[in-house]
Amino acid sequence: TGNNTYTGATMISNGTLALADAGSISQSSGLNVSTGSLFSISGLTNAGAMIRGLSGAGQVQLGGKQLTLDTAGSNAFTGLIAGSGGRLA
């Protein structure tokens with residue numbers, strides 16, 4: 001709990017990063033989801049999340065949430081983006 005002041009790049013390797021409640025990694029310089037890994041925003045209580053870049057070949061689970069990509073980051077993602085009613089902006 002509390003404010004997140006993390007600002008580095010985020011790499012998910014052989015695991016899961018699931019944002020919940022009002023979780024955020026919007027200040028991270030980019031997100032890499034490697035093969036066999038998962039990034040999930042389906043447990044958020046708000047409308048969605050923003051990230052500065054998305055790369056890798058893992059899986060992104062939106063649920064019914066919106067994931068917004070800041071176009072200033074690297075967006076070389078070749079993995080699966082899934083979710084019922086979710087949206088990528």
# chains A, B, ... in the order shown; residues from 1 in each chain; ligands from 1
call {"tool": "select_by_dssp", "arguments": {"residues": "chain A", "states": "strand (DSSP E)", "output": "PyMOL selection string"}}
result
chain A and resi 10-12+16-21+31-33+38-44+48-51+54-56+59-61+66-69+80-82+87-88
call {"tool": "write_last_selection", "arguments": {"atoms": "N, CA, C and O atoms", "output": "short mmCIF file (atom, residue, chain, number, x, y, z; two decimals), in the first residue's frame"}}
result
data_model
loop_
_atom_site.label_atom_id
_atom_site.label_comp_id
_atom_site.auth_asym_id
_atom_site.auth_seq_id
_atom_site.Cartn_x
_atom_site.Cartn_y
_atom_site.Cartn_z
N THR A 10 10.49 -2.41 -16.19
CA THR A 10 9.90 -3.57 -15.54
C THR A 10 10.00 -4.76 -16.48
O THR A 10 9.55 -4.67 -17.62
N MET A 11 10.59 -5.84 -16.00
CA MET A 11 10.69 -7.07 -16.80
C MET A 11 10.03 -8.21 -16.05
O MET A 11 10.36 -8.46 -14.89
N ILE A 12 9.08 -8.87 -16.71
CA ILE A 12 8.44 -10.05 -16.13
C ILE A 12 9.03 -11.26 -16.84
O ILE A 12 8.89 -11.40 -18.05
N THR A 16 4.32 -13.78 -13.05
CA THR A 16 3.13 -12.96 -13.24
C THR A 16 3.26 -11.66 -12.46
O THR A 16 3.69 -11.67 -11.32
N LEU A 17 2.86 -10.57 -13.10
CA LEU A 17 2.70 -9.29 -12.42
C LEU A 17 1.23 -8.92 -12.60
O LEU A 17 0.78 -8.70 -13.73
N ALA A 18 0.48 -8.92 -11.51
CA ALA A 18 -0.95 -8.62 -11.57
C ALA A 18 -1.22 -7.34 -10.78
O ALA A 18 -0.98 -7.30 -9.58
N LEU A 19 -1.68 -6.31 -11.47
CA LEU A 19 -2.07 -5.08 -10.78
C LEU A 19 -3.47 -5.28 -10.21
O LEU A 19 -4.35 -5.84 -10.86
N ALA A 20 -3.67 -4.81 -8.99
CA ALA A 20 -4.97 -4.95 -8.33
C ALA A 20 -5.33 -3.63 -7.66
O ALA A 20 -4.48 -2.77 -7.47
N ASP A 21 -6.59 -3.50 -7.31
CA ASP A 21 -7.12 -2.29 -6.67
C ASP A 21 -6.77 -1.08 -7.52
O ASP A 21 -7.18 -1.02 -8.65
N LEU A 31 7.69 -1.86 -20.12
CA LEU A 31 7.32 -3.17 -19.61
C LEU A 31 7.68 -4.23 -20.63
O LEU A 31 7.28 -4.14 -21.79
N ASN A 32 8.47 -5.23 -20.21
CA ASN A 32 8.81 -6.36 -21.06
C ASN A 32 8.19 -7.60 -20.43
O ASN A 32 8.47 -7.92 -19.28
N VAL A 33 7.33 -8.27 -21.19
CA VAL A 33 6.67 -9.49 -20.73
C VAL A 33 7.25 -10.64 -21.56
O VAL A 33 6.93 -10.79 -22.73
N LEU A 38 3.10 -13.40 -17.62
CA LEU A 38 1.79 -12.76 -17.71
C LEU A 38 1.79 -11.42 -17.00
O LEU A 38 2.30 -11.29 -15.89
N PHE A 39 1.19 -10.43 -17.66
CA PHE A 39 0.90 -9.12 -17.05
C PHE A 39 -0.61 -8.98 -17.06
O PHE A 39 -1.25 -9.08 -18.11
N SER A 40 -1.20 -8.76 -15.88
CA SER A 40 -2.65 -8.69 -15.78
C SER A 40 -3.09 -7.38 -15.14
O SER A 40 -2.54 -6.96 -14.11
N ILE A 41 -4.10 -6.76 -15.75
CA ILE A 41 -4.72 -5.57 -15.15
C ILE A 41 -6.19 -5.85 -14.82
O ILE A 41 -6.92 -4.94 -14.45
N SER A 42 -6.61 -7.10 -14.94
CA SER A 42 -8.02 -7.44 -14.75
C SER A 42 -8.51 -7.23 -13.32
O SER A 42 -9.70 -7.11 -13.10
N GLY A 43 -7.61 -7.16 -12.34
CA GLY A 43 -8.00 -6.97 -10.95
C GLY A 43 -8.05 -5.53 -10.50
O GLY A 43 -8.28 -5.24 -9.31
N LEU A 44 -7.85 -4.59 -11.43
CA LEU A 44 -7.91 -3.17 -11.06
C LEU A 44 -9.34 -2.76 -10.74
O LEU A 44 -10.29 -3.26 -11.33
N GLY A 48 -8.57 1.18 -15.86
CA GLY A 48 -7.46 0.54 -16.55
C GLY A 48 -6.12 1.09 -16.11
O GLY A 48 -6.00 1.67 -15.03
N ALA A 49 -5.10 0.90 -16.98
CA ALA A 49 -3.74 1.27 -16.64
C ALA A 49 -3.05 1.90 -17.84
O ALA A 49 -3.43 1.67 -18.98
N MET A 50 -2.00 2.68 -17.56
CA MET A 50 -1.15 3.24 -18.60
C MET A 50 0.26 2.72 -18.39
O MET A 50 0.73 2.65 -17.26
N ILE A 51 0.92 2.35 -19.49
CA ILE A 51 2.33 1.97 -19.43
C ILE A 51 3.07 2.73 -20.52
O ILE A 51 2.48 3.14 -21.52
N LEU A 54 5.53 -1.40 -24.31
CA LEU A 54 5.24 -2.82 -24.13
C LEU A 54 6.07 -3.61 -25.13
O LEU A 54 6.01 -3.35 -26.34
N SER A 55 6.84 -4.55 -24.63
CA SER A 55 7.64 -5.41 -25.50
C SER A 55 7.63 -6.82 -24.96
O SER A 55 7.17 -7.08 -23.86
N GLY A 56 8.17 -7.75 -25.75
CA GLY A 56 8.24 -9.14 -25.35
C GLY A 56 7.26 -10.00 -26.11
O GLY A 56 6.65 -9.57 -27.09
N GLN A 59 2.08 -12.78 -22.31
CA GLN A 59 0.64 -12.58 -22.38
C GLN A 59 0.22 -11.39 -21.54
O GLN A 59 0.73 -11.20 -20.44
N VAL A 60 -0.72 -10.61 -22.05
CA VAL A 60 -1.33 -9.50 -21.32
C VAL A 60 -2.80 -9.82 -21.15
O VAL A 60 -3.51 -10.10 -22.12
N GLN A 61 -3.26 -9.79 -19.90
CA GLN A 61 -4.67 -10.08 -19.60
C GLN A 61 -5.36 -8.79 -19.20
O GLN A 61 -5.04 -8.20 -18.17
N GLN A 66 -8.99 -1.16 -19.75
CA GLN A 66 -8.28 -0.56 -20.87
C GLN A 66 -6.81 -0.41 -20.52
O GLN A 66 -6.46 0.10 -19.46
N LEU A 67 -5.94 -0.83 -21.44
CA LEU A 67 -4.50 -0.63 -21.31
C LEU A 67 -4.09 0.43 -22.31
O LEU A 67 -4.29 0.26 -23.51
N THR A 68 -3.55 1.53 -21.81
CA THR A 68 -3.12 2.63 -22.67
C THR A 68 -1.61 2.61 -22.78
O THR A 68 -0.91 2.57 -21.77
N LEU A 69 -1.10 2.64 -24.03
CA LEU A 69 0.33 2.66 -24.28
C LEU A 69 0.76 4.06 -24.62
O LEU A 69 0.22 4.68 -25.54
N LEU A 80 0.36 -12.41 -26.77
CA LEU A 80 -1.10 -12.46 -26.79
C LEU A 80 -1.68 -11.41 -25.86
O LEU A 80 -1.25 -11.29 -24.71
N ILE A 81 -2.65 -10.65 -26.35
CA ILE A 81 -3.41 -9.71 -25.53
C ILE A 81 -4.83 -10.21 -25.51
O ILE A 81 -5.46 -10.37 -26.55
N ALA A 82 -5.35 -10.50 -24.29
CA ALA A 82 -6.67 -11.12 -24.17
C ALA A 82 -7.50 -10.40 -23.13
O ALA A 82 -6.98 -9.78 -22.21
N ARG A 87 -9.70 -3.34 -23.70
CA ARG A 87 -9.37 -2.49 -24.82
C ARG A 87 -7.92 -2.04 -24.74
O ARG A 87 -7.41 -1.75 -23.66
N LEU A 88 -7.25 -1.95 -25.88
CA LEU A 88 -5.88 -1.44 -25.98
C LEU A 88 -5.96 -0.10 -26.67
O LEU A 88 -6.53 0.03 -27.75
#
call {"tool": "residues_around", "arguments": {"residues": "A:Gly86", "least_positions_apart": "6", "cutoff": "6 Å", "atoms": "only C-alpha atoms", "output": "MDAnalysis selection string"}}
result
chainID A and resid 62:66
call {"tool": "atom_distance", "arguments": {"atom1": "atom CA of A:Gly30", "atom2": "atom CA of A:Ala9"}}
result
5.0 Å
call {"tool": "atom_distance", "arguments": {"atom1": "atom CA of A:Ser34", "atom2": "atom CA of A:Ser13"}}
result
5.4 Å
call {"tool": "decode", "arguments": {"residues": "stretch 61-88 of chain A", "atoms": "N, CA and C atoms", "output": "CSV table (one decimal), in the first residue's frame"}}
result
chain,number,residue,atom,x,y,z
A,61,GLN,N,-3.3,-9.8,-19.9
A,61,GLN,CA,-4.7,-10.1,-19.6
A,61,GLN,C,-5.4,-8.8,-19.2
A,62,LEU,N,-6.3,-8.3,-20.0
A,62,LEU,CA,-7.0,-7.1,-19.8
A,62,LEU,C,-8.2,-7.2,-18.9
A,63,GLY,N,-8.9,-8.4,-18.9
A,63,GLY,CA,-10.2,-8.5,-18.3
A,63,GLY,C,-11.1,-7.6,-19.1
A,64,GLY,N,-11.8,-6.7,-18.4
A,64,GLY,CA,-12.7,-5.7,-19.0
A,64,GLY,C,-12.1,-4.3,-18.9
A,65,LYS,N,-10.8,-4.2,-18.7
A,65,LYS,CA,-10.1,-2.9,-18.5
A,65,LYS,C,-9.4,-2.4,-19.8
A,66,GLN,N,-9.0,-1.2,-19.7
A,66,GLN,CA,-8.3,-0.6,-20.9
A,66,GLN,C,-6.8,-0.4,-20.5
A,67,LEU,N,-5.9,-0.8,-21.4
A,67,LEU,CA,-4.5,-0.6,-21.3
A,67,LEU,C,-4.1,0.4,-22.3
A,68,THR,N,-3.5,1.5,-21.8
A,68,THR,CA,-3.1,2.6,-22.7
A,68,THR,C,-1.6,2.6,-22.8
A,69,LEU,N,-1.1,2.6,-24.0
A,69,LEU,CA,0.3,2.7,-24.3
A,69,LEU,C,0.8,4.1,-24.6
A,70,ASP,N,1.8,4.6,-23.9
A,70,ASP,CA,2.4,5.8,-24.2
A,70,ASP,C,3.3,5.6,-25.4
A,71,THR,N,3.0,6.3,-26.5
A,71,THR,CA,3.8,6.0,-27.8
A,71,THR,C,5.2,6.4,-27.7
A,72,ALA,N,5.7,7.1,-26.6
A,72,ALA,CA,7.1,7.4,-26.5
A,72,ALA,C,8.0,6.2,-26.2
A,73,GLY,N,7.4,5.1,-25.7
A,73,GLY,CA,8.1,3.9,-25.4
A,73,GLY,C,8.2,3.0,-26.5
A,74,SER,N,9.0,1.9,-26.3
A,74,SER,CA,9.1,0.8,-27.3
A,74,SER,C,7.9,-0.1,-27.2
A,75,ASN,N,7.3,-0.3,-28.4
A,75,ASN,CA,6.1,-1.1,-28.4
A,75,ASN,C,6.2,-2.3,-29.4
A,76,ALA,N,7.3,-3.1,-29.2
A,76,ALA,CA,7.6,-4.3,-30.0
A,76,ALA,C,7.1,-5.5,-29.3
A,77,PHE,N,5.8,-5.7,-29.2
A,77,PHE,CA,5.2,-6.8,-28.5
A,77,PHE,C,4.6,-7.8,-29.5
A,78,THR,N,5.0,-9.1,-29.3
A,78,THR,CA,4.5,-10.1,-30.3
A,78,THR,C,3.7,-11.2,-29.6
A,79,GLY,N,3.3,-10.9,-28.3
A,79,GLY,CA,2.6,-11.9,-27.5
A,79,GLY,C,1.1,-11.8,-27.7
A,80,LEU,N,0.4,-12.4,-26.8
A,80,LEU,CA,-1.1,-12.5,-26.8
A,80,LEU,C,-1.7,-11.4,-25.9
A,81,ILE,N,-2.7,-10.6,-26.4
A,81,ILE,CA,-3.4,-9.7,-25.5
A,81,ILE,C,-4.8,-10.2,-25.5
A,82,ALA,N,-5.3,-10.5,-24.3
A,82,ALA,CA,-6.7,-11.1,-24.2
A,82,ALA,C,-7.5,-10.4,-23.1
A,83,GLY,N,-8.8,-10.5,-23.3
A,83,GLY,CA,-9.7,-9.9,-22.3
A,83,GLY,C,-11.1,-9.8,-22.8
A,84,SER,N,-12.1,-10.0,-22.0
A,84,SER,CA,-13.5,-9.9,-22.4
A,84,SER,C,-13.9,-8.5,-22.2
A,85,GLY,N,-14.1,-7.8,-23.3
A,85,GLY,CA,-14.5,-6.4,-23.2
A,85,GLY,C,-13.3,-5.4,-23.0
A,86,GLY,N,-12.1,-5.9,-22.8
A,86,GLY,CA,-10.9,-5.1,-22.6
A,86,GLY,C,-10.6,-4.3,-23.9
A,87,ARG,N,-9.7,-3.3,-23.7
A,87,ARG,CA,-9.4,-2.5,-24.8
A,87,ARG,C,-7.9,-2.0,-24.7
A,88,LEU,N,-7.2,-2.0,-25.9
A,88,LEU,CA,-5.9,-1.4,-26.0
A,88,LEU,C,-6.0,-0.1,-26.7
